[in-house]
file coords.txt (compact mmCIF, C-alpha atoms)
# COMPACT_ATOMS: atom_id res chain seq x y z
CA MET A 1 0.00 0.00 0.00
CA ASP A 2 1.30 3.39 -0.96
CA ILE A 3 -0.22 6.59 0.40
CA LYS A 4 0.32 10.01 -1.13
CA LEU A 5 -1.24 13.09 0.42
CA ARG A 6 -2.12 15.82 -2.07
CA SER A 7 -3.47 19.42 -1.96
CA GLN A 8 -2.25 19.98 1.60
CA PRO A 9 -3.02 21.67 3.85
CA ASP A 10 -6.36 23.29 3.00
CA SER A 11 -7.95 20.75 0.64
CA ALA A 12 -6.02 17.62 1.47
CA ILE A 13 -6.90 14.30 -0.15
CA ALA A 14 -5.31 10.87 0.28
CA HIS A 15 -4.31 9.01 -2.88
CA ILE A 16 -3.86 5.34 -2.01
CA THR A 17 -2.45 2.66 -4.27
CA LEU A 18 -3.40 -0.90 -3.32
CA ALA A 19 -1.74 -4.13 -4.43
CA LYS A 20 -3.77 -7.25 -5.21
CA GLN A 21 -5.93 -8.43 -2.28
CA GLU A 22 -4.91 -5.49 -0.13
CA ASN A 23 -7.73 -3.63 1.53
CA ILE A 24 -8.37 -0.46 3.45
CA TYR A 25 -11.12 0.53 5.87
CA ALA A 26 -12.55 4.02 5.67
CA GLN A 27 -15.13 6.29 7.27
CA ALA A 28 -18.38 5.73 5.33
CA GLY A 29 -18.88 8.40 2.69
CA CYS A 30 -15.31 9.56 2.26
CA MET A 31 -14.55 7.82 -1.05
CA VAL A 32 -14.06 10.40 -3.81
CA ALA A 33 -12.94 8.18 -6.68
CA MET A 34 -11.43 4.74 -7.29
CA SER A 35 -10.42 2.19 -9.93
CA ALA A 36 -13.44 0.30 -11.21
CA ASP A 37 -12.11 -3.07 -10.11
CA ILE A 38 -11.83 -2.15 -6.45
CA GLU A 39 -14.62 -3.85 -4.56
CA ALA A 40 -16.47 -1.96 -1.88
CA ASP A 41 -18.50 -3.42 0.93
CA THR A 42 -19.54 -2.27 4.34
CA THR A 43 -18.56 -3.98 7.50
CA LEU A 44 -19.18 -4.05 11.19
CA ARG A 45 -15.62 -4.29 12.31
CA ARG A 46 -15.27 -7.08 14.86
CA GLY A 47 -12.93 -6.65 17.74
CA LYS A 48 -13.13 -5.34 21.24
CA GLY A 49 -15.65 -2.70 20.30
CA GLY A 50 -16.84 -4.12 16.98
CA GLY A 51 -19.74 -6.42 16.26
CA ILE A 52 -23.36 -5.64 16.92
CA TRP A 53 -22.86 -4.10 20.33
CA GLY A 54 -20.05 -1.89 19.01
CA GLY A 55 -22.32 -0.83 16.18
CA ILE A 56 -25.11 0.09 18.59
CA LYS A 57 -22.69 2.08 20.68
CA ARG A 58 -21.63 3.99 17.59
CA MET A 59 -25.24 4.61 16.62
CA VAL A 60 -26.03 5.97 20.07
CA ALA A 61 -22.99 8.18 19.93
CA GLY A 62 -24.16 9.68 16.67
CA GLU A 63 -21.48 8.29 14.40
CA SER A 64 -22.30 6.33 11.25
CA LEU A 65 -22.72 2.65 11.93
CA PHE A 66 -20.61 1.18 9.19
CA LEU A 67 -17.10 1.36 7.91
CA SER A 68 -16.49 0.92 4.21
CA ARG A 69 -13.99 -1.72 3.19
CA PHE A 70 -12.27 -1.39 -0.17
CA THR A 71 -10.50 -4.43 -1.61
CA CYS A 72 -8.24 -4.44 -4.65
CA THR A 73 -9.13 -7.35 -6.96
CA SER A 74 -6.72 -6.63 -9.83
CA GLU A 75 -2.91 -6.40 -9.86
CA GLU A 76 -3.01 -2.80 -8.74
CA GLY A 77 -5.73 -0.26 -7.99
CA GLU A 78 -6.06 3.22 -6.62
CA ILE A 79 -8.55 5.08 -4.44
CA PHE A 80 -8.96 8.68 -3.37
CA LEU A 81 -10.31 9.44 0.12
CA ALA A 82 -11.15 12.91 1.44
CA PRO A 83 -12.81 14.41 4.52
CA LYS A 84 -16.01 16.49 4.31
CA LEU A 85 -14.56 19.76 5.58
CA ILE A 86 -11.60 21.79 4.39
CA GLY A 87 -8.43 20.85 6.17
CA ASP A 88 -5.36 18.67 6.35
CA VAL A 89 -4.74 14.93 6.32
CA MET A 90 -1.88 12.99 7.89
CA ALA A 91 -0.69 9.39 7.91
CA TYR A 92 0.25 7.82 11.25
CA GLU A 93 2.25 4.58 11.45
CA LEU A 94 1.15 2.18 14.17
CA SER A 95 3.65 -0.42 15.33
CA GLY A 96 1.98 -2.07 18.27
CA ASN A 97 1.20 1.19 20.07
CA GLU A 98 -2.22 2.76 20.57
CA LEU A 99 -3.58 6.00 19.16
CA VAL A 100 -6.80 7.61 20.42
CA VAL A 101 -8.57 9.52 17.64
CA GLN A 102 -11.49 11.93 17.76
CA ALA A 103 -14.16 10.11 15.73
CA ALA A 104 -14.68 12.99 13.29
CA SER A 105 -10.94 12.98 12.57
CA TYR A 106 -10.78 9.30 11.56
CA LEU A 107 -10.54 8.92 7.79
CA ALA A 108 -9.13 5.45 7.07
CA SER A 109 -6.87 2.67 8.29
CA SER A 110 -5.08 -0.32 6.80
CA GLU A 111 -6.12 -3.90 7.33
CA ASN A 112 -4.19 -4.83 10.46
CA VAL A 113 -5.15 -1.77 12.45
CA ASP A 114 -7.68 -2.63 15.17
CA LEU A 115 -10.41 -0.09 15.63
CA ASP A 116 -12.17 0.10 18.97
CA VAL A 117 -15.26 2.25 19.00
CA GLY A 118 -16.54 4.34 21.84
CA PHE A 119 -13.31 4.77 23.77
CA GLN A 120 -14.61 5.65 27.22
CA GLY A 121 -11.56 7.29 28.72
CA LEU A 122 -12.63 10.80 27.84
CA LYS A 123 -16.09 11.77 28.92
CA SER A 124 -16.42 14.55 26.43
CA PHE A 125 -20.03 15.46 27.26
CA PHE A 126 -18.39 17.67 29.86
CA SER A 127 -17.25 19.93 27.08
CA GLY A 128 -20.81 20.35 25.84
CA GLU A 129 -20.03 18.79 22.48
CA SER A 130 -20.91 15.36 21.20
CA ILE A 131 -17.34 14.30 20.55
CA PHE A 132 -16.50 10.64 20.91
CA TRP A 133 -13.32 8.71 20.53
CA LEU A 134 -11.86 5.76 18.68
CA SER A 135 -8.93 3.74 19.81
CA LEU A 136 -6.60 2.46 17.07
CA SER A 137 -4.01 -0.22 17.76
CA GLY A 138 -2.08 -2.95 15.98
CA TYR A 139 0.19 -2.54 12.99
CA GLY A 140 -0.26 -0.44 9.87
CA THR A 141 -1.23 3.05 8.81
CA ALA A 142 -4.03 5.25 10.05
CA ILE A 143 -5.14 8.28 8.04
CA ILE A 144 -6.29 11.15 10.21
CA THR A 145 -7.90 14.43 9.17
CA SER A 146 -8.37 17.86 10.72
CA PHE A 147 -10.41 21.03 10.34
CA GLY A 148 -7.57 23.47 9.71
CA GLY A 149 -3.92 22.51 9.93
CA ILE A 150 -2.50 19.72 12.12
CA TYR A 151 0.36 20.38 14.49
CA ALA A 152 2.07 17.77 16.65
CA ILE A 153 3.13 18.55 20.20
CA PRO A 154 5.71 16.20 21.66
CA VAL A 155 4.53 16.25 25.28
CA ASP A 156 7.14 15.69 27.96
CA GLY A 157 5.56 16.72 31.23
CA GLU A 158 2.15 18.37 31.14
CA TYR A 159 0.24 19.99 28.30
CA ILE A 160 -3.30 21.37 27.88
CA VAL A 161 -5.48 21.15 24.77
CA ASP A 162 -9.00 22.47 24.26
CA THR A 163 -11.15 19.34 23.67
CA GLY A 164 -12.47 20.71 20.37
CA HIS A 165 -8.93 20.94 19.04
CA ILE A 166 -7.74 17.39 19.77
CA VAL A 167 -7.29 15.32 16.62
CA ALA A 168 -5.49 12.34 18.15
CA PHE A 169 -3.07 11.43 20.90
CA GLU A 170 -0.76 8.57 21.74
CA LYS A 171 -2.08 6.32 24.48
CA SER A 172 1.28 6.50 26.26
CA LEU A 173 -0.01 9.83 27.57
CA ASP A 174 -2.15 10.06 30.67
CA PHE A 175 -5.01 12.47 30.35
CA LYS A 176 -7.85 13.94 32.30
CA VAL A 177 -10.59 16.42 31.57
CA THR A 178 -10.04 19.38 33.82
CA LYS A 179 -10.59 23.08 34.26
CA ALA A 180 -8.51 25.56 32.31
CA GLY A 181 -8.42 28.33 34.88
CA SER A 182 -8.04 28.52 38.60
CA SER A 183 -11.73 28.52 39.45
CA TRP A 184 -14.06 25.54 39.04
CA ILE A 185 -17.14 27.72 38.94
CA GLY A 186 -15.79 29.74 36.05
CA SER A 187 -14.94 26.64 34.07
CA LEU A 188 -18.27 24.94 34.66
CA LEU A 189 -20.20 28.01 33.66
CA GLY A 190 -17.92 28.39 30.68
CA ILE A 191 -17.48 32.07 31.45
CA GLY A 192 -13.86 32.02 30.43
CA GLY A 193 -14.91 30.51 27.14
CA GLU A 194 -12.45 27.69 27.63
CA GLY A 195 -14.68 25.56 29.85
CA LEU A 196 -13.07 22.23 30.43
CA VAL A 197 -9.90 21.24 28.67
CA CYS A 198 -7.87 18.07 28.38
CA ARG A 199 -4.68 17.90 30.44
CA PHE A 200 -2.10 15.44 29.10
CA GLU A 201 0.67 14.05 31.23
CA GLY A 202 3.71 11.91 30.46
CA ARG A 203 5.58 11.35 27.23
CA GLY A 204 4.00 11.07 23.81
CA LYS A 205 2.56 13.06 20.96
CA VAL A 206 -0.72 14.89 20.84
CA TYR A 207 -1.98 16.07 17.44
CA CYS A 208 -4.02 19.27 17.46
CA GLN A 209 -6.06 21.02 14.81
CA THR A 210 -5.63 24.77 14.38
CA HIS A 211 -9.39 25.31 14.04
CA ASN A 212 -12.43 23.91 15.81
CA ASN A 213 -15.17 22.50 13.55
CA GLY A 214 -17.75 22.71 16.34
CA GLU A 215 -17.06 26.38 16.96
CA PHE A 216 -17.15 27.17 13.25
CA GLY A 217 -20.46 25.30 12.99
CA HIS A 218 -21.93 27.34 15.84
CA LEU A 219 -20.74 30.60 14.32
CA VAL A 220 -22.51 29.95 11.03
CA GLY A 221 -25.29 27.66 12.28
CA SER A 222 -26.53 30.10 14.92
CA GLN A 223 -27.41 32.52 12.12
CA LEU A 224 -29.36 29.99 10.08
CA PRO A 225 -33.13 29.47 10.47
CA PRO A 226 -34.08 26.70 12.90
CA ARG A 227 -34.39 23.23 11.46
CA ARG A 228 -37.93 21.81 11.48
CA GLU A 229 -38.21 18.10 11.88
CA MET B 230 7.54 37.31 24.00
CA GLU B 231 8.01 35.79 20.56
CA TYR B 232 5.35 34.69 18.14
CA GLU B 233 4.96 33.15 14.72
CA ILE B 234 1.82 33.01 12.61
CA ARG B 235 1.75 29.66 10.83
CA TYR B 236 -0.60 28.08 8.28
CA LYS B 237 -1.16 31.43 6.57
CA PRO B 238 -3.43 32.43 5.01
CA ALA B 239 -6.32 29.96 5.23
CA PHE B 240 -5.68 28.44 8.67
CA SER B 241 -3.60 31.21 10.25
CA THR B 242 -2.78 30.35 13.85
CA ILE B 243 -0.60 32.18 16.38
CA PHE B 244 2.18 30.18 18.05
CA VAL B 245 3.42 32.22 21.03
CA ALA B 246 6.48 31.62 23.21
CA LEU B 247 6.16 33.40 26.57
CA LYS B 248 9.36 34.07 28.47
CA PRO B 249 9.31 34.08 32.29
CA GLY B 250 7.15 36.99 33.44
CA ASP B 251 5.51 37.49 30.03
CA LYS B 252 1.77 37.48 29.57
CA ILE B 253 -0.74 37.62 26.76
CA THR B 254 -4.47 38.35 26.84
CA ALA B 255 -6.79 36.56 24.44
CA GLU B 256 -10.45 36.40 23.59
CA ALA B 257 -12.43 33.78 25.49
CA GLY B 258 -12.21 30.58 23.46
CA ALA B 259 -9.11 31.52 21.45
CA MET B 260 -6.80 29.13 23.30
CA THR B 261 -6.20 26.01 21.22
CA SER B 262 -3.49 24.40 23.34
CA MET B 263 -0.83 25.46 25.85
CA ASP B 264 1.80 24.36 28.33
CA ALA B 265 0.12 23.26 31.54
CA ASN B 266 2.27 25.56 33.70
CA LEU B 267 0.73 28.71 32.25
CA LEU B 268 -1.58 30.47 34.67
CA MET B 269 -4.93 31.48 33.21
CA LYS B 270 -6.99 34.31 34.67
CA THR B 271 -10.43 35.23 33.42
CA LYS B 272 -11.54 38.84 33.59
CA PHE B 273 -14.04 41.20 32.10
CA SER B 274 -12.75 42.59 28.83
CA GLY B 275 -11.85 46.26 29.27
CA GLY B 276 -13.50 46.50 32.70
CA PHE B 277 -16.93 45.47 33.94
CA PHE B 278 -19.03 48.22 32.37
CA SER B 279 -17.24 48.09 29.02
CA ALA B 280 -17.56 44.33 28.94
CA LEU B 281 -21.32 44.52 29.49
CA LEU B 282 -21.68 47.11 26.77
CA LYS B 283 -19.70 45.00 24.36
CA LYS B 284 -21.61 41.85 25.17
CA PHE B 285 -25.06 43.25 24.72
CA LEU B 286 -24.50 45.94 22.15
CA GLY B 287 -21.33 45.05 20.34
CA LYS B 288 -21.66 41.27 19.84
CA GLU B 289 -18.30 40.69 21.53
CA SER B 290 -17.72 38.20 24.29
CA LEU B 291 -17.92 39.32 27.89
CA PHE B 292 -14.61 37.88 29.04
CA VAL B 293 -10.98 37.72 28.09
CA ASN B 294 -8.37 35.36 29.47
CA THR B 295 -4.89 36.44 30.47
CA TYR B 296 -2.17 33.78 30.31
CA ILE B 297 0.78 34.45 32.58
CA ASN B 298 4.14 32.70 32.67
CA ASN B 299 5.10 32.56 36.36
CA SER B 300 7.64 29.79 35.81
CA ASP B 301 11.35 30.19 35.11
CA GLU B 302 11.32 28.66 31.63
CA THR B 303 9.84 29.65 28.27
CA LEU B 304 6.29 28.34 27.81
CA SER B 305 4.15 28.11 24.71
CA ILE B 306 0.53 28.80 23.86
CA VAL B 307 -1.35 28.44 20.58
CA LEU B 308 -4.18 30.86 19.74
CA SER B 309 -6.64 30.69 16.87
CA GLN B 310 -10.01 32.02 15.73
CA SER B 311 -13.38 30.36 14.99
CA ILE B 312 -13.45 31.34 11.35
CA VAL B 313 -10.93 30.25 8.72
CA GLY B 314 -8.72 33.02 7.38
CA ASP B 315 -5.74 35.26 7.79
CA ILE B 316 -4.42 36.83 11.00
CA GLU B 317 -2.58 40.15 11.31
CA ALA B 318 -0.12 41.03 14.07
CA LEU B 319 -0.20 44.80 14.32
CA ALA B 320 2.52 46.57 16.30
CA LEU B 321 1.16 49.67 18.03
CA GLU B 322 3.55 52.39 19.10
CA ASP B 323 1.53 54.75 21.23
CA SER B 324 -1.20 54.48 18.64
CA GLU B 325 -4.74 53.10 18.43
CA ILE B 326 -6.72 50.69 16.33
CA CYS B 327 -10.46 50.05 16.23
CA LEU B 328 -11.66 46.49 15.63
CA GLN B 329 -14.97 45.37 14.22
CA PRO B 330 -17.02 42.77 16.17
CA GLY B 331 -15.48 39.32 15.97
CA ALA B 332 -12.06 40.44 14.72
CA TYR B 333 -10.23 40.62 18.05
CA ILE B 334 -8.05 37.63 19.01
CA ALA B 335 -5.34 38.75 21.45
CA HIS B 336 -3.05 41.52 22.69
CA THR B 337 0.26 41.75 24.53
CA SER B 338 0.92 43.64 27.75
CA GLY B 339 1.29 47.37 27.21
CA ILE B 340 -2.01 47.54 25.34
CA ASP B 341 -5.22 48.89 26.88
CA MET B 342 -8.51 47.51 25.72
CA GLY B 343 -11.65 49.59 25.85
CA VAL B 344 -14.85 50.34 24.05
CA ALA B 345 -15.89 53.53 22.33
CA PHE B 346 -19.20 54.67 20.95
CA ALA B 347 -19.22 53.75 17.27
CA GLY B 348 -22.28 55.77 16.32
CA PHE B 349 -25.80 54.91 15.25
CA ALA B 350 -24.69 54.56 11.65
CA SER B 351 -22.51 51.64 12.65
CA TRP B 352 -25.40 50.08 14.58
CA ILE B 353 -27.82 50.41 11.68
CA ALA B 354 -25.23 48.77 9.46
CA GLY B 355 -25.26 45.79 11.83
CA GLU B 356 -21.71 46.49 13.00
CA GLY B 357 -22.59 47.19 16.63
CA LEU B 358 -23.19 50.35 18.60
CA PHE B 359 -19.80 50.17 20.29
CA LYS B 360 -16.42 49.46 18.85
CA LEU B 361 -13.42 47.81 20.39
CA LYS B 362 -10.50 50.17 20.78
CA LEU B 363 -6.98 49.03 21.56
CA LYS B 364 -4.23 51.48 22.30
CA GLY B 365 -0.73 51.65 23.74
CA GLN B 366 2.58 50.04 23.03
CA GLY B 367 2.60 46.38 22.02
CA THR B 368 1.07 43.97 19.56
CA VAL B 369 -2.59 43.41 18.70
CA PHE B 370 -3.69 40.22 16.91
CA PHE B 371 -6.86 40.26 14.86
CA GLY B 372 -8.34 37.87 12.35
CA ALA B 373 -10.39 37.80 9.19
CA TYR B 374 -12.66 35.46 7.27
CA GLY B 375 -10.59 34.91 4.12
CA GLY B 376 -7.64 37.09 3.23
CA LEU B 377 -6.68 40.45 4.71
CA THR B 378 -6.05 43.55 2.64
CA LYS B 379 -4.34 46.58 4.15
CA LYS B 380 -5.37 49.82 2.55
CA GLU B 381 -4.41 53.47 3.07
CA ILE B 382 -7.29 55.85 2.53
CA SER B 383 -7.59 59.59 2.45
CA GLY B 384 -10.93 61.24 2.00
CA ASP B 385 -14.01 59.13 1.30
CA TYR B 386 -13.93 55.40 0.80
CA VAL B 387 -16.71 52.83 0.50
CA VAL B 388 -16.54 49.35 2.04
CA ASP B 389 -19.26 46.72 1.82
CA ASN B 390 -20.99 45.88 5.06
CA GLY B 391 -19.28 42.93 6.71
CA HIS B 392 -15.93 43.30 5.00
CA LEU B 393 -14.38 45.91 7.29
CA VAL B 394 -12.11 44.36 9.94
CA ALA B 395 -10.11 47.20 11.49
CA TYR B 396 -9.48 50.90 11.05
CA GLU B 397 -7.53 53.71 12.63
CA PRO B 398 -9.56 55.78 15.09
CA ASN B 399 -9.50 59.08 13.21
CA ILE B 400 -11.57 57.47 10.47
CA GLN B 401 -15.29 58.19 10.77
CA MET B 402 -17.86 55.62 9.81
CA GLY B 403 -21.00 56.59 7.96
CA ILE B 404 -23.60 54.57 6.20
CA ARG B 405 -25.28 54.82 2.87
CA LEU B 406 -26.94 52.79 0.18
CA ALA B 407 -24.58 51.31 -2.37
CA GLY B 408 -26.50 52.85 -5.26
CA GLY B 409 -29.87 54.55 -5.29
CA ILE B 410 -32.68 52.77 -3.47
CA PHE B 411 -33.57 50.72 -6.52
CA GLY B 412 -29.95 50.00 -7.40
CA SER B 413 -29.18 48.90 -3.87
CA LEU B 414 -32.07 46.47 -3.75
CA THR B 415 -31.24 44.89 -7.08
CA SER B 416 -27.45 44.87 -7.02
CA GLY B 417 -27.32 42.92 -3.78
CA GLU B 418 -24.93 45.41 -2.26
CA GLY B 419 -27.51 46.93 0.12
CA LEU B 420 -26.00 49.07 2.83
CA VAL B 421 -22.34 49.96 2.68
CA ASN B 422 -19.96 51.68 5.06
CA LYS B 423 -18.82 55.07 3.95
CA LEU B 424 -15.53 55.86 5.63
CA LYS B 425 -14.15 59.34 5.91
CA GLY B 426 -10.71 60.48 6.98
CA SER B 427 -7.17 59.42 6.41
CA GLY B 428 -5.43 56.37 7.80
CA THR B 429 -5.16 52.63 7.44
CA ILE B 430 -8.04 50.20 7.11
CA TYR B 431 -8.07 46.39 6.94
CA LEU B 432 -10.54 44.49 4.79
CA GLN B 433 -11.46 40.81 4.73
CA SER B 434 -11.99 39.06 1.40
CA ARG B 435 -15.06 37.11 2.60
CA SER B 436 -17.94 37.93 4.93
CA VAL B 437 -19.85 35.64 7.29
CA ASN B 438 -23.09 37.43 6.34
CA SER B 439 -22.64 36.30 2.76
CA LEU B 440 -21.96 32.71 3.78
CA VAL B 441 -25.12 32.74 5.90
CA ARG B 442 -27.12 34.26 3.01
CA PHE B 443 -25.79 31.52 0.72
CA LEU B 444 -26.71 28.72 3.13
CA LYS B 445 -30.10 30.00 4.30
CA PRO B 446 -32.17 29.04 1.25
CA LYS B 447 -30.50 25.62 1.26
CA VAL B 448 -31.66 24.67 4.75
CA PRO B 449 -34.65 22.32 4.26
CA LYS B 450 -37.92 23.62 5.59
call {"tool": "encode", "arguments": {"input": "coords.txt", "output": "structure tokens"}}
result
Amino acid sequence: MDIKLRSQPDSAIAHITLAKQENIYAQAGCMVAMSADIEADTTLRRGKGGGIWGGIKRMVAGESLFLSRFTCTSEEGEIFLAPKLIGDVMAYELSGNELVVQAASYLASSENVDLDVGFQGLKSFFSGESIFWLSLSGYGTAIITSFGGIYAIPVDGEYIVDTGHIVAFEKSLDFKVTKAGSSWIGSLLGIGGEGLVCRFEGRGKVYCQTHNNGEFGHLVGSQLPPRRE
Amino acid sequence: MEYEIRYKPAFSTIFVALKPGDKITAEAGAMTSMDANLLMKTKFSGGFFSALLKKFLGKESLFVNTYINNSDETLSIVLSQSIVGDIEALALEDSEICLQPGAYIAHTSGIDMGVAFAGFASWIAGEGLFKLKLKGQGTVFFGAYGGLTKKEISGDYVVDNGHLVAYEPNIQMGIRLAGGIFGSLTSGEGLVNKLKGSGTIYLQSRSVNSLVRFLKPKVPK
């Protein structure tokens, strides 16, 4: 499998070349184009958080239920995958370690990457946004996307990230959702605007996005007429 | 204090390195990530009364956060804006700049933040009854939706509503129709800002109003 990232950073798209019988899993709906002899099917990924129960958990959490699986049936095939929003894409190599990814930032992963849905370590309802998390482990490549640019912070000690700006982080880091300022009342009321943030501790990388899709959505969405259902 | 604006122009983001004793004040919500040893203090922006005025009449947020480095090593903080676009770092040397609602991101120590009456013309144009005024010696960071254009004007100058980001305080803001009444209704330009005076203005290449107007008819009923 060969991955080339194009049109970075504002309109990034992943161009993936697959050899015969290779496959790649992707967020449903992110396929832009592909060779005609690549077969697509949808799957409930089995694993710790896969299967029916995993699927239900994902449904409850508001994420699409299925992953698409693309399999190359000829000698060589190619596929283009892109996120919905403008922003960057990066490839992360897993070699037995674990990466926690914000669900909206997951784009695709190669065959031997295990995907656990509904990672419970971060109770993100605290932040007032319906963010949930995936845990990726195993061996292979994960393709991660961001709203805005991605910057990596090599944490050695303690570091704070606004929950809406976390793209992914290495599981070697300890983390807890905490207050940004010195007063709990201020943080809970959100009067400082920062509310609760994620405090990382230890050694490892955290990947942040320069912009916050939720905030951007509120800025524009609050001026649109109410949706009638 | 040192800073670098990266990912220009579309995803401009401010990467700040604060030396021991340095501080920076930023709009509530602007902090993207930071070293855990930075001390954050929340306060009313420009004093209690000014903050209330801004909140209810100027569409600005009520609070700002000041980040202080009380440690003995250099610490970093990353600041960004909600909208995608360019960011300008303007060095003030005993001078002033007025910012339109939503443009303010941060300022260094040495800068005073306050509000001034912007006039009823500004209010009618949907730009708020009060304007944010920053003055002193230091750096002011403000952002735009899209690209930023710096423009020197002298005399009269017309800017479409929603595209003005910042202007020097000796420039007066007026309001008028883009054409005649009929022309304004049909050309889609509507109300425009008529600026008068000489100094520097900053324009943004896109406006949120236009994005909202584009999306509105597409929201299913």
call {"tool": "atom_distance", "arguments": {"input": "coords.txt", "atom1": "CA of Leu319 in chain B", "atom2": "CA of Gly372 in chain B"}}
result
10.9 Å
call {"tool": "residues_around", "arguments": {"input": "coords.txt", "residues": "Asp162 in chain A", "least_positions_apart": "5", "cutoff": "7 Å", "atoms": "all atoms listed in the file", "output": "tab-separated table (two decimals) with C-alpha atoms, in the frame of the given file"}}
result
chain	number	residue	atom	x	y	z
A	197	VAL	CA	-9.90	21.24	28.67
A	198	CYS	CA	-7.87	18.07	28.38
B	261	THR	CA	-6.20	26.01	21.22
B	262	SER	CA	-3.49	24.40	23.34
call {"tool": "closest_residue", "arguments": {"input": "coords.txt", "among": "B:Val421, B:Met269, B:Leu363, B:Cys327", "to": "Val387 in chain B", "atoms": "only C-alpha atoms"}}
result
B:Val421
call {"tool": "interface_residues", "arguments": {"input": "coords.txt", "of": "chain B", "to": "chain A", "cutoff": "10 Å", "atoms": "only C-alpha atoms", "output": "ChimeraX atom specification"}}
result
/B:235-243,256-273,290-296,305-314,437-438,440-442,444-450
call {"tool": "closest_residue", "arguments": {"input": "coords.txt", "among": "B:Gln366, B:Ser427, B:Ser434, B:Ser338", "to": "Gly384 in chain B", "atoms": "only C-alpha atoms"}}
result
B:Ser427
call {"tool": "closest_residue", "arguments": {"input": "coords.txt", "among": "B:Met402, B:Ala335, B:Ile382, B:Ile297", "to": "Phe359 in chain B", "atoms": "only C-alpha atoms"}}
result
B:Met402
call {"tool": "atom_distance", "arguments": {"input": "coords.txt", "atom1": "CA of Gly96 in chain A", "atom2": "CA of Arg69 in chain A"}}
result
22.0 Å
call {"tool": "atom_distance", "arguments": {"input": "coords.txt", "atom1": "CA of Gly331 in chain B", "atom2": "CA of Ser7 in chain A"}}
result
29.4 Å
call {"tool": "closest_residue", "arguments": {"input": "coords.txt", "among": "A:Ser68, A:Asn112, A:Ser95, A:Thr43", "to": "Ala28 in chain A", "atoms": "all atoms listed in the file"}}
result
A:Ser68
call {"tool": "axis_aligned_box", "arguments": {"input": "coords.txt", "around": "range 153-166 of chain A", "padding_each_side": "5 Å", "output": "JSON"}}
result
{"center_x": -2.7, "center_y": 19.1, "center_z": 25.1, "size_x": 29.6, "size_y": 16.8, "size_z": 22.2}
call {"tool": "residues_around", "arguments": {"input": "coords.txt", "residues": "Met34 in chain A", "least_positions_apart": "6", "cutoff": "9 Å", "atoms": "only C-alpha atoms", "output": "PyMOL selection string"}}
result
chain A and resi 77-81
call {"tool": "closest_residue", "arguments": {"input": "coords.txt", "among": "B:Ala246, B:Leu361, B:Ala395, B:Leu420", "to": "Glu233 in chain B", "atoms": "all atoms listed in the file"}}
result
B:Ala246
call {"tool": "closest_residue", "arguments": {"input": "coords.txt", "among": "B:Ile340, B:Leu304, B:Val388, B:Leu424", "to": "Gly367 in chain B", "atoms": "all atoms listed in the file"}}
result
B:Ile340
call {"tool": "residues_around", "arguments": {"input": "coords.txt", "residues": "Tyr92 in chain A", "least_positions_apart": "4", "cutoff": "7 Å", "atoms": "all atoms listed in the file", "output": "list in words"}}
result
Thr141, Ala142 and Ile143 of chain A
